[in-house]
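run30.cif (mmCIF, C-alpha atoms) appears below.
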```
data_my_file
#
loop_
_atom_site.label_atom_id
_atom_site.label_comp_id
_atom_site.auth_asym_id
_atom_site.auth_seq_id
_atom_site.Cartn_x
_atom_site.Cartn_y
_atom_site.Cartn_z
CA SER A 1 -25.02 30.10 67.82
CA ARG A 2 -23.26 28.21 65.07
CA THR A 3 -24.82 25.10 63.68
CA GLU A 4 -23.06 21.79 63.27
CA SER A 5 -22.79 22.28 59.51
CA GLN A 6 -21.10 25.67 59.94
CA VAL A 7 -18.57 24.13 62.31
CA MET A 8 -17.94 21.38 59.77
CA ILE A 9 -17.44 23.88 56.93
CA GLU A 10 -15.03 25.93 59.05
CA GLY A 11 -13.08 22.77 59.87
CA GLN A 12 -12.81 21.90 56.18
CA ASN A 13 -11.54 25.42 55.39
CA TRP A 14 -8.83 25.12 58.04
CA LYS A 15 -7.89 21.70 56.71
CA LEU A 16 -7.55 23.11 53.17
CA LEU A 17 -5.39 25.93 54.49
CA GLY A 18 -3.25 23.39 56.35
CA TYR A 19 -2.73 21.27 53.23
CA PHE A 20 -1.75 24.32 51.19
CA ASN A 21 0.69 25.33 53.92
CA TYR A 22 2.32 21.87 53.67
CA TYR A 23 2.83 22.59 49.97
CA ARG A 24 4.31 26.00 50.89
CA LEU A 25 6.64 24.38 53.45
CA THR A 26 7.75 21.78 50.89
CA ILE A 27 8.68 24.50 48.37
CA ALA A 28 10.56 26.46 51.06
CA LEU A 29 12.48 23.42 52.34
CA ALA A 30 13.39 22.45 48.78
CA ALA A 31 14.74 25.96 48.20
CA VAL A 32 16.74 25.79 51.47
CA ALA A 33 18.17 22.39 50.53
CA ILE A 34 19.20 23.62 47.09
CA SER A 35 20.80 26.75 48.46
CA PHE A 36 22.85 24.94 51.13
CA PHE A 37 23.65 21.54 49.67
CA ILE A 38 23.44 21.93 45.89
CA PRO A 39 24.29 25.57 45.23
CA ASN A 40 25.42 25.10 41.62
CA ILE A 41 22.10 23.94 40.09
CA PRO A 42 20.94 26.61 37.68
CA PRO A 43 18.82 28.67 37.64
CA PHE A 44 18.17 28.56 41.41
CA GLY A 45 20.08 31.44 42.98
CA SER A 46 22.09 32.03 39.84
CA ARG A 47 21.93 35.81 40.10
CA THR A 48 22.17 36.37 43.88
CA PRO A 49 22.85 33.16 45.85
CA ALA A 50 22.91 34.88 49.24
CA LEU A 51 19.51 36.53 48.64
CA PHE A 52 18.08 33.21 47.47
CA GLN A 53 19.40 31.45 50.57
CA THR A 54 18.10 34.11 52.98
CA THR A 55 14.67 34.27 51.34
CA ALA A 56 14.40 30.48 51.39
CA LEU A 57 15.20 30.42 55.13
CA VAL A 58 12.62 33.11 55.86
CA TYR A 59 10.05 31.26 53.73
CA ALA A 60 10.72 27.98 55.55
CA ALA A 61 10.59 29.58 59.01
CA LEU A 62 7.34 31.38 58.19
CA SER A 63 5.76 28.14 56.87
CA ALA A 64 6.86 26.20 59.95
CA LEU A 65 5.51 28.89 62.27
CA THR A 66 2.23 28.90 60.33
CA LEU A 67 1.83 25.18 61.04
CA LEU A 68 1.55 26.00 64.74
CA THR A 69 -0.77 28.97 64.30
CA ILE A 70 -3.08 26.97 62.02
CA ARG A 71 -3.18 24.07 64.46
CA GLU A 72 -3.98 26.35 67.41
CA ARG A 73 -6.08 28.78 65.31
CA ARG A 74 -4.72 31.85 67.07
CA PHE A 75 -6.01 34.11 64.31
CA ASP A 76 -9.14 33.85 62.23
CA PHE A 77 -9.16 32.03 58.92
CA GLU A 78 -9.31 35.12 56.69
CA THR A 79 -6.36 36.77 58.46
CA HIS A 80 -4.24 33.65 58.04
CA THR A 81 -5.08 33.29 54.36
CA THR A 82 -4.56 36.99 53.56
CA LEU A 83 -1.14 37.23 55.25
CA LEU A 84 0.10 33.96 53.79
CA THR A 85 -0.97 34.92 50.26
CA PHE A 86 0.89 38.23 50.59
CA ALA A 87 3.95 36.36 51.87
CA ASP A 88 3.76 33.98 48.90
CA VAL A 89 3.66 36.84 46.40
CA ALA A 90 6.50 38.76 48.04
CA LEU A 91 8.87 35.86 48.83
CA LEU A 92 8.35 33.97 45.58
CA THR A 93 9.01 37.18 43.61
CA ILE A 94 12.28 37.61 45.53
CA LEU A 95 13.26 33.98 44.86
CA MET A 96 12.50 34.48 41.17
CA HIS A 97 14.61 37.65 41.12
CA ALA A 98 17.50 35.89 42.84
CA SER A 99 17.29 33.09 40.26
CA GLY A 100 17.49 35.29 37.19
CA GLY A 101 13.95 36.59 36.74
CA LEU A 102 11.38 35.25 34.29
CA PRO A 103 13.71 32.84 32.47
CA SER A 104 14.06 30.83 35.71
CA GLY A 105 10.44 29.64 35.44
CA LEU A 106 9.69 30.35 39.11
CA GLY A 107 6.86 32.64 38.04
CA MET A 108 4.66 29.53 37.77
CA LEU A 109 4.88 29.19 41.55
CA LEU A 110 3.19 32.60 41.78
CA LEU A 111 0.40 31.27 39.58
CA ILE A 112 -0.16 28.36 41.99
CA ALA A 113 -0.15 30.75 44.97
CA ILE A 114 -2.79 32.96 43.33
CA ALA A 115 -4.89 29.89 42.48
CA GLY A 116 -4.72 28.65 46.08
CA GLY A 117 -5.65 32.07 47.47
CA SER A 118 -8.60 32.39 45.08
CA LEU A 119 -10.11 29.19 46.47
CA MET A 120 -10.05 30.50 50.03
CA LEU A 121 -10.50 34.29 49.74
CA GLY A 122 -13.13 36.64 48.36
CA ARG A 123 -13.14 37.96 44.80
CA ARG A 124 -11.90 41.47 45.59
CA ILE A 125 -8.91 40.42 47.70
CA THR A 126 -8.06 37.68 45.20
CA VAL A 127 -8.03 40.10 42.24
CA PHE A 128 -5.97 42.50 44.37
CA TYR A 129 -3.30 39.87 44.99
CA ALA A 130 -3.35 38.85 41.32
CA SER A 131 -2.77 42.47 40.33
CA LEU A 132 -0.08 42.78 43.02
CA ALA A 133 1.67 39.69 41.64
CA ALA A 134 1.53 41.09 38.10
CA ILE A 135 3.02 44.41 39.31
CA ALA A 136 5.68 42.53 41.27
CA VAL A 137 6.71 40.52 38.20
CA MET A 138 6.86 43.70 36.11
CA LEU A 139 9.00 45.48 38.74
CA GLU A 140 11.29 42.45 38.97
CA HIS A 141 11.74 42.41 35.21
CA SER A 142 12.42 46.19 35.20
CA TRP A 143 14.71 46.04 38.25
CA ASP A 144 17.90 46.32 36.26
CA TYR A 145 16.63 49.43 34.54
CA LEU A 146 15.42 50.96 37.81
CA THR A 147 18.74 50.33 39.51
CA GLY A 148 20.73 51.60 36.53
CA SER A 149 22.24 48.29 35.50
CA VAL A 150 20.63 48.64 32.06
CA ALA A 151 20.66 51.99 30.38
CA SER A 152 17.64 51.48 28.10
CA LEU A 153 14.36 49.57 28.32
CA LEU A 154 14.98 48.31 24.79
CA ASP A 155 17.38 45.75 26.20
CA LEU A 156 14.54 44.33 28.34
CA SER A 157 11.74 44.65 25.77
CA GLN A 158 11.92 40.99 24.76
CA GLY A 159 10.62 39.86 28.18
CA TYR A 160 7.64 42.21 28.50
CA PRO A 161 5.26 40.10 26.37
CA GLN A 162 5.99 37.23 28.72
CA VAL A 163 5.39 39.51 31.71
CA GLY A 164 2.09 40.65 30.23
CA MET A 165 0.94 37.09 29.51
CA LEU A 166 1.90 36.06 33.03
CA GLY A 167 -0.05 38.99 34.50
CA VAL A 168 -3.11 38.10 32.43
CA GLY A 169 -2.71 34.52 33.64
CA PHE A 170 -2.67 35.75 37.27
CA ILE A 171 -5.92 37.70 36.87
CA ALA A 172 -7.63 34.94 34.87
CA THR A 173 -6.60 32.37 37.46
CA ALA A 174 -7.94 34.59 40.22
CA PHE A 175 -11.31 35.00 38.50
CA LEU A 176 -11.68 31.37 37.49
CA GLY A 177 -10.55 30.06 40.86
CA ASN A 178 -12.88 32.38 42.70
CA MET A 179 -15.82 31.46 40.45
CA LEU A 180 -15.09 27.78 41.04
CA ALA A 181 -14.88 28.36 44.78
CA GLU A 182 -18.19 30.28 44.80
CA ARG A 183 -19.87 27.51 42.83
CA LEU A 184 -18.52 24.94 45.24
CA ARG A 185 -19.75 26.99 48.18
CA ALA A 186 -23.19 27.37 46.60
CA THR A 187 -23.32 23.64 45.88
CA GLU A 188 -22.24 22.91 49.44
CA ALA A 189 -24.89 25.25 50.84
CA LEU A 190 -27.54 23.66 48.62
CA ALA A 191 -26.45 20.21 49.70
CA GLU A 192 -26.60 21.36 53.32
CA ARG A 193 -30.16 22.66 52.88
CA ARG A 194 -31.19 19.47 51.09
CA GLY A 195 -29.58 17.46 53.87
CA VAL A 196 -31.51 19.39 56.52
CA ASP A 197 -34.76 18.96 54.57
CA LEU A 198 -34.08 15.26 54.13
CA ALA A 199 -33.28 14.86 57.83
CA ASN A 200 -36.49 16.69 58.78
CA LEU A 201 -38.50 14.58 56.34
CA THR A 202 -36.95 11.42 57.74
CA GLN A 203 -37.84 12.47 61.28
CA VAL A 204 -41.41 13.29 60.25
CA ASN A 205 -41.80 9.94 58.48
CA ALA A 206 -40.38 8.08 61.47
CA LEU A 207 -42.72 9.98 63.80
CA ILE A 208 -45.73 9.17 61.61
CA ILE A 209 -44.80 5.49 61.39
CA GLN A 210 -44.23 5.24 65.13
CA HIS A 211 -47.66 6.74 65.90
CA MET A 212 -49.64 4.71 63.36
CA GLN A 213 -52.44 2.54 64.75
CA ILE A 214 -51.44 -0.17 62.28
CA GLY A 215 -48.38 -2.23 63.18
CA VAL A 216 -45.44 -1.87 60.80
CA LEU A 217 -42.56 -4.36 60.53
CA VAL A 218 -39.59 -4.33 58.17
CA CYS A 219 -38.06 -7.77 57.67
CA ASP A 220 -35.29 -8.98 55.43
CA ALA A 221 -35.45 -12.08 53.26
CA GLY A 222 -34.13 -14.18 56.14
CA GLY A 223 -37.03 -13.23 58.41
CA ASN A 224 -35.08 -10.89 60.70
CA ILE A 225 -36.87 -7.84 62.08
CA ARG A 226 -35.06 -4.65 61.07
CA LEU A 227 -37.60 -2.03 62.10
CA SER A 228 -40.86 -1.94 64.05
CA ASN A 229 -43.20 0.77 65.32
CA HIS A 230 -44.98 1.01 68.67
CA ALA A 231 -48.16 -0.72 67.48
CA ALA A 232 -46.21 -3.73 66.16
CA GLN A 233 -44.24 -3.91 69.40
CA LYS A 234 -47.53 -3.94 71.34
CA PHE A 235 -49.09 -6.63 69.14
CA LEU A 236 -46.06 -8.95 69.13
CA ASN A 237 -44.70 -8.10 72.60
CA LEU A 238 -41.41 -6.85 71.17
CA GLY A 239 -39.14 -5.48 73.86
CA ALA A 240 -36.71 -2.62 73.33
CA SER A 241 -33.57 -4.67 72.76
CA SER A 242 -30.27 -2.94 73.54
CA SER A 243 -28.29 -5.28 71.28
CA THR A 244 -27.68 -4.42 67.65
CA LYS A 245 -28.46 -7.97 66.52
CA PRO A 246 -31.91 -8.09 64.86
CA GLN A 247 -34.61 -10.34 66.30
CA ALA A 248 -35.79 -13.38 64.35
CA LEU A 249 -39.45 -13.29 63.38
CA THR A 250 -39.74 -17.03 63.97
CA ALA A 251 -38.92 -16.51 67.65
CA VAL A 252 -41.32 -13.59 68.04
CA SER A 253 -44.32 -14.91 66.08
CA PRO A 254 -44.06 -18.30 64.33
CA ASP A 255 -47.49 -17.88 62.67
CA LEU A 256 -46.48 -14.58 61.11
CA ALA A 257 -43.11 -16.01 60.04
CA ILE A 258 -44.85 -18.93 58.28
CA GLN A 259 -47.11 -16.54 56.37
CA LEU A 260 -44.13 -14.34 55.46
CA PHE A 261 -42.06 -17.20 54.05
CA ARG A 262 -45.13 -18.53 52.26
CA TRP A 263 -45.69 -15.09 50.74
CA LEU A 264 -42.04 -14.79 49.70
CA GLY A 265 -42.24 -18.18 48.01
CA GLU A 266 -45.45 -17.45 46.13
CA GLU A 267 -45.76 -15.67 42.83
CA ARG A 268 -46.54 -11.97 42.81
CA GLY A 269 -50.07 -12.48 41.60
CA VAL A 270 -51.03 -15.07 44.25
CA ARG A 271 -50.81 -13.85 47.83
CA SER A 272 -52.86 -15.37 50.63
CA ARG A 273 -53.14 -14.14 54.18
CA SER A 274 -55.12 -15.12 57.25
CA ALA A 275 -55.68 -13.66 60.69
CA PHE A 276 -53.83 -15.13 63.67
CA THR A 277 -53.70 -14.59 67.41
CA THR A 278 -50.50 -13.24 68.96
CA ARG A 279 -49.07 -14.22 72.30
CA ASN A 280 -50.54 -11.06 73.83
CA GLY A 281 -54.04 -12.10 72.77
CA TYR A 282 -54.37 -9.68 69.84
CA GLN A 283 -56.00 -11.02 66.72
CA VAL A 284 -54.25 -9.37 63.78
CA LEU A 285 -54.46 -9.61 60.02
CA PRO A 286 -51.11 -9.29 58.20
CA ARG A 287 -50.58 -7.57 54.87
CA PHE A 288 -47.29 -7.90 52.97
CA ALA A 289 -45.61 -5.51 50.56
CA ALA A 290 -42.30 -5.90 48.75
CA LEU A 291 -39.52 -3.44 49.43
CA GLY A 292 -38.28 -3.73 45.86
CA ASP A 293 -38.47 -5.73 42.68
CA ASP A 294 -36.17 -8.36 44.15
CA LYS A 295 -37.57 -10.63 46.86
CA ASP A 296 -34.19 -10.67 48.57
CA ALA A 297 -34.70 -7.01 49.47
CA GLY A 298 -37.15 -8.02 52.19
CA ALA A 299 -40.76 -7.23 52.94
CA LEU A 300 -42.86 -4.60 54.65
CA ILE A 301 -45.51 -6.13 56.95
CA PHE A 302 -48.62 -4.26 58.08
CA LEU A 303 -50.48 -5.69 61.08
CA GLU A 304 -54.13 -4.65 61.40
CA ASP A 305 -56.03 -5.27 64.62
CA MET A 306 -59.10 -7.39 63.91
CA ALA A 307 -60.98 -5.77 66.79
CA VAL A 308 -60.55 -2.39 65.13
CA LEU A 309 -61.57 -3.83 61.76
CA LYS A 310 -64.68 -5.39 63.28
CA GLN A 311 -65.52 -2.12 65.00
CA GLN A 312 -65.15 -0.27 61.71
CA ALA A 313 -67.34 -2.86 59.96
CA GLN A 314 -69.95 -2.56 62.71
CA GLN A 315 -69.87 1.20 62.40
CA MET A 316 -70.40 0.93 58.65
CA LYS A 317 -73.34 -1.41 59.26
CA MET A 318 -74.84 1.02 61.73
CA GLU A 319 -74.45 3.88 59.30
CA SER A 320 -76.06 1.82 56.55
CA LEU A 321 -78.87 0.82 58.89
CA ALA A 322 -79.39 4.46 59.87
CA ARG A 323 -79.66 5.46 56.22
CA LEU A 324 -82.07 2.58 55.56
CA THR A 325 -84.18 3.52 58.60
CA ALA A 326 -84.32 7.12 57.49
CA SER A 327 -85.45 6.03 54.05
CA ILE A 328 -88.16 3.78 55.49
CA ALA A 329 -89.35 6.52 57.83
CA HIS A 330 -89.54 8.92 54.92
CA GLU A 331 -91.66 6.43 52.97
CA ILE A 332 -93.97 5.87 55.97
CA ARG A 333 -94.74 9.57 56.18
CA ASN A 334 -96.65 9.57 52.90
CA PRO A 335 -99.38 7.03 53.84
CA LEU A 336 -99.37 8.38 57.40
CA GLY A 337 -100.13 11.85 56.11
CA ALA A 338 -102.93 10.44 53.96
CA LEU A 339 -104.48 8.66 56.96
CA SER A 340 -104.28 11.81 59.04
CA ASN A 341 -105.93 13.92 56.31
CA ALA A 342 -108.69 11.32 55.85
CA ALA A 343 -109.38 11.31 59.61
CA GLN A 344 -109.62 15.09 59.60
CA LEU A 345 -112.07 14.98 56.70
CA LEU A 346 -114.20 12.38 58.47
CA GLY A 347 -114.22 14.48 61.61
CA GLU A 348 -115.56 17.48 59.66
CA THR A 349 -118.67 15.61 58.43
CA PRO A 350 -121.80 16.64 60.40
CA GLN A 351 -123.43 13.17 60.53
CA GLN A 352 -121.22 11.69 63.23
CA ASN A 353 -122.24 9.91 66.41
CA GLY A 354 -120.17 9.59 69.56
CA GLU A 355 -118.64 6.24 68.63
CA GLY A 356 -117.54 7.55 65.24
CA ARG A 357 -115.95 10.65 66.74
CA ARG A 358 -114.11 8.46 69.25
CA LEU A 359 -112.74 6.24 66.48
CA ILE A 360 -111.72 9.26 64.41
CA LYS A 361 -109.94 10.70 67.45
CA ILE A 362 -108.12 7.40 67.96
CA ILE A 363 -106.99 7.46 64.30
CA ASP A 364 -105.83 11.04 64.66
CA ASP A 365 -104.00 10.38 67.93
CA GLN A 366 -102.29 7.27 66.63
CA SER A 367 -101.31 9.05 63.42
CA ARG A 368 -99.68 11.81 65.44
CA ARG A 369 -98.00 9.17 67.57
CA MET A 370 -96.65 7.44 64.48
CA ASN A 371 -95.47 10.80 63.19
CA VAL A 372 -93.56 11.38 66.44
CA ILE A 373 -91.91 7.95 66.02
CA VAL A 374 -90.94 8.82 62.46
CA GLU A 375 -89.53 12.15 63.63
CA ASN A 376 -87.45 10.38 66.30
CA VAL A 377 -86.09 7.88 63.78
CA THR A 378 -85.26 10.69 61.39
CA GLN A 379 -83.43 12.60 64.13
CA LEU A 380 -81.44 9.49 65.05
CA SER A 381 -80.36 9.02 61.46
CA ARG A 382 -79.38 12.69 61.25
CA ARG A 383 -77.46 12.48 64.53
CA ASP A 384 -79.05 15.69 65.78
CA ARG A 385 -78.13 17.03 69.18
CA VAL A 386 -80.17 15.51 72.01
CA SER A 387 -82.76 17.82 73.63
CA PRO A 388 -83.80 16.43 77.03
CA MET A 389 -87.10 17.45 78.59
CA ARG A 390 -88.74 17.05 82.03
CA PHE A 391 -92.29 15.81 82.62
CA ALA A 392 -94.41 14.47 85.48
CA LEU A 393 -94.49 10.69 85.49
CA ASP A 394 -97.98 10.12 87.07
CA PRO A 395 -100.07 12.07 84.49
CA TRP A 396 -98.07 10.47 81.68
CA LEU A 397 -98.79 6.97 83.02
CA ARG A 398 -102.49 7.69 83.39
CA GLU A 399 -102.68 9.07 79.84
CA PHE A 400 -100.77 6.05 78.56
CA ALA A 401 -103.21 3.68 80.36
CA ARG A 402 -106.19 5.52 78.92
CA GLN A 403 -104.89 5.43 75.35
CA TYR A 404 -103.90 1.81 75.69
CA ALA A 405 -107.31 0.83 77.10
CA ASP A 406 -109.13 2.73 74.37
CA THR A 407 -107.03 1.11 71.68
CA THR A 408 -107.14 -2.48 72.95
CA ARG A 409 -110.58 -2.25 74.65
CA VAL A 410 -109.08 -3.38 77.96
CA PRO A 411 -111.00 -2.16 81.05
CA ARG A 412 -109.21 0.68 82.80
CA GLU A 413 -109.93 -0.86 86.19
CA ILE A 414 -107.14 -3.40 85.84
CA PHE A 415 -104.55 -0.57 86.01
CA SER A 416 -103.55 0.54 89.47
CA PHE A 417 -101.38 3.58 90.31
CA THR A 418 -99.67 4.73 93.43
CA ALA A 419 -99.32 8.37 94.37
CA THR A 420 -96.42 9.70 92.30
CA GLU A 421 -97.36 13.36 92.06
CA GLY A 422 -94.42 15.69 91.81
CA VAL A 423 -92.10 13.03 90.40
CA GLU A 424 -90.28 14.23 87.25
CA VAL A 425 -88.36 12.16 84.77
CA CYS A 426 -85.72 13.47 82.34
CA MET A 427 -85.77 11.72 79.02
CA ASP A 428 -84.94 12.35 75.36
CA PRO A 429 -87.91 13.15 73.15
#
```
When written as structure tokens, how does the structure in this file appear?
Amino acid sequence: SRTESQVMIEGQNWKLLGYFNYYRLTIALAAVAISFFIPNIPPFGSRTPALFQTTALVYAALSALTLLTIRERRFDFETHTTLLTFADVALLTILMHASGGLPSGLGMLLLIAIAGGSLMLGRRITVFYASLAAIAVMLEHSWDYLTGSVASLLDLSQGYPQVGMLGVGFIATAFLGNMLAERLRATEALAERRGVDLANLTQVNALIIQHMQIGVLVCDAGGNIRLSNHAAQKFLNLGASSSTKPQALTAVSPDLAIQLFRWLGEERGVRSRSAFTTRNGYQVLPRFAALGDDKDAGALIFLEDMAVLKQQAQQMKMESLARLTASIAHEIRNPLGALSNAAQLLGETPQQNGEGRRLIKIIDDQSRRMNVIVENVTQLSRRDRVSPMRFALDPWLREFARQYADTTRVPREIFSFTATEGVEVCMDP
């Protein structure tokens, strides 16, 4: 399927062919008018007036018929251009012959025809028509000798340098015109690719801006909203207006408009801003940026949700607290390890009574308990994956009561338990 750019290029080619056909029709009608109404103007038709008149009529009829075929596009573009260029070479050569040959100056019309064809055709067909025009001019100049009107070529030798120069001009025009046309086509293709890339980049930028979590507003120096994304529309309750007239910022958010005009009136080095509450209940913090060096160019306004900012600040605090907790836990491990090693050494001494062993066991148990707490804190700071475990609640409560009573010297009799055997609790270690 053809793209829109290809259709546009084809339309421009047909338009160029149409304009060149108007030029062709003008030349033909001028020749018809001269042959019918002013027959005595030299050199037009000076040698054979009837041939000049007939050729001019054929040229005019062909150009008029081509107007219809170009408008309706009955044939493809290359067929039209090829046939019309051949008709130009043939009919203009006949008109030049009827007007006295090279001295008439009509050979310049052939040069224009070759130049026009080189802009619309390929290099090979253009050089072919240039060579055909050069041969046609040479045959026209040698016509008298070929028909026997002149006995020797010496009588025509004075015109051959002009024929040769005209032929060289045809070929040079064909090459230069074709090179110019190819450069124009390459430039047009490059511009088309750049246009597609720019359009894609514009769409990507618009999509990114529309899906930003930060509100974006573009306002002119008069405080009129020119552009807004979805977040800004949500913050300021901007409806999708069908009118082309921009909305005034003062009507949408007076607080934001006051800060904008204050910012536009301040110097570039001094810019104050403060959070405000919108009509929808959002608390936003504006940030202004100039669209150019001139303040009259307008401003770009970024609206940041204070709830999101507070959440980000809270998250940063939590991360800092986690790092601090991990550092403290790491520092606790050193004296905790020393206490545990000292308790183990005391437990290995042979002169120990029952009370001493009990106290050493309490130190060892509590050291291990503290180590478990440190491990849990370290895992929280590392954000390790949670590993749940199941355990019976009744034995755990009894062990907790025993350890608590031994540590605080509270009698165990004050603790009472109901029958909870078989009950399991799932918890994180």
Notebook entry, point to check: Which residues, written as an MDAnalysis selection string, have at least one atom at most 7 Å from segment 11-25 of chain A, with only C-alpha atoms counted and residues fewer than 6 positions away on the same chain left out?
Noted result: chainID A and resid 60 63:64 70 77
Checklist line | Result set of the PyMOL selection byres ((chain A and resi 369-374) around 8) on the coordinates above, as a list in words | finding: Ala329, His330, Ile332, Arg333, Leu336, Asp365, Gln366, Ser367, Arg368, Glu375, Asn376, Val377 and Thr378 of chain A
Quick one: which segment 147-201 of chain A residues come within 12 Å of segment 121-141 of chain A, and what is the nearest atom pair for each with the distance in Å to one decimal, counting all atoms listed in the file, rows ordered by chain and ascending number, as a tab-separated table?
```
residue	atom	partner	partner_atom	distance
A:Thr147	CA	A:Glu140	CA	10.9
A:Val150	CA	A:His141	CA	11.3
A:Leu153	CA	A:His141	CA	10.3
A:Asp155	CA	A:His141	CA	11.1
A:Leu156	CA	A:His141	CA	7.7
A:Ser157	CA	A:His141	CA	9.7
A:Gln158	CA	A:His141	CA	10.5
A:Gly159	CA	A:His141	CA	7.6
A:Tyr160	CA	A:Met138	CA	7.8
A:Pro161	CA	A:Met138	CA	10.5
A:Gln162	CA	A:Met138	CA	9.9
A:Val163	CA	A:Met138	CA	6.3
A:Gly164	CA	A:Ala134	CA	7.9
A:Met165	CA	A:Ala134	CA	9.5
A:Leu166	CA	A:Ala134	CA	7.2
A:Gly167	CA	A:Ala134	CA	4.5
A:Val168	CA	A:Ala134	CA	7.9
A:Gly169	CA	A:Ala130	CA	8.8
A:Phe170	CA	A:Ala130	CA	5.1
A:Ile171	CA	A:Ala130	CA	5.3
A:Ala172	CA	A:Ala130	CA	8.7
A:Thr173	CA	A:Ala130	CA	8.2
A:Ala174	CA	A:Thr126	CA	5.9
A:Phe175	CA	A:Val127	CA	7.1
A:Leu176	CA	A:Arg123	CA	9.9
A:Gly177	CA	A:Thr126	CA	9.1
A:Asn178	CA	A:Arg123	CA	6.0
A:Met179	CA	A:Arg123	CA	8.3
A:Leu180	CA	A:Arg123	CA	11.0
A:Ala181	CA	A:Leu121	CA	8.9
A:Glu182	CA	A:Gly122	CA	8.9
A:Arg185	CA	A:Gly122	CA	11.7
```
Note to self: With distances taken over all atoms listed in the file, which residue among A:Arg398, A:Lys245, A:Arg73, A:Arg323 lies nearest Glu10 of chain A?
What the structure shows: A:Arg73
Next item on the list: Using the chain letters and residue numbers of this document, give as number ranges by chain the residues selected by the PyMOL selection byres ((chain A and resi 99) around 8).
Entry: A: 42-49, 52, 95-98, 100-101, 104
Margin query: Just to confirm, what's the straight-line distance from atom CA of Ala221 of chain A to atom CA of Gly298 of chain A in Å (one decimal)?
Written below: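 Answer for the atom CA of Ala221 of chain A to atom CA of Gly298 of chain A separation: 4.5 Å.
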Notebook entry, point to check: So how many Å separate atom CA of Gln233 of chain A and atom CA of Leu201 of chain A, to one decimal?
Noted result: 23.4 Å
Margin query: One number please: atom CA of Glu192 of chain A to atom CA of Leu291 of chain A, in Å, one decimal.
Written below: 28.2 Å
Note to self: Quick one: residues within 10 Å of Cys219 of chain A, only C-alpha atoms, excluding same-chain residues fewer than 2 positions away - as a PyMOL selection string?
What the structure shows: chain A and resi 216-217+221-228+246-249+257+260+291+297-301
Note to self: Between A:Met316, A:Val284, A:Leu92, A:Ala189, which residue has the minimum interatomic distance to Leu236 of chain A, considering only C-alpha atoms?
What the structure shows: A:Val284
Next item on the list: Tell me, as a list in words, which residues lie within 8 Å of segment 303-315 of chain A, counting all atoms listed in the file; anything in the same chain fewer than 2 positions away does not count.
Entry: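 After dropping sequence-adjacent residues, the list is Ile214, Gly215, Val216, Ala232, Ala275, Tyr282, Gln283, Val284, Leu285, Pro286, Arg287, Ile301, Lys317, Met318 and Glu319 of chain A.
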Which centre and edge lengths in Å to one decimal define the box along x, y and z that fits every listed atom of segment 126-139 of chain A plus 8 Å per side, as AutoDock Vina command-line options?
```
--center_x 0.5 --center_y 41.6 --center_z 40.7 --size_x 33.1 --size_y 23.8 --size_z 25.1
```
Check: What's the 12 Å shell around segment 342-355 of chain A, counting only C-alpha atoms, without same-chain residues fewer than 3 positions away, as an MDAnalysis selection string?
Finding: chainID A and resid 335:339 358:368 406
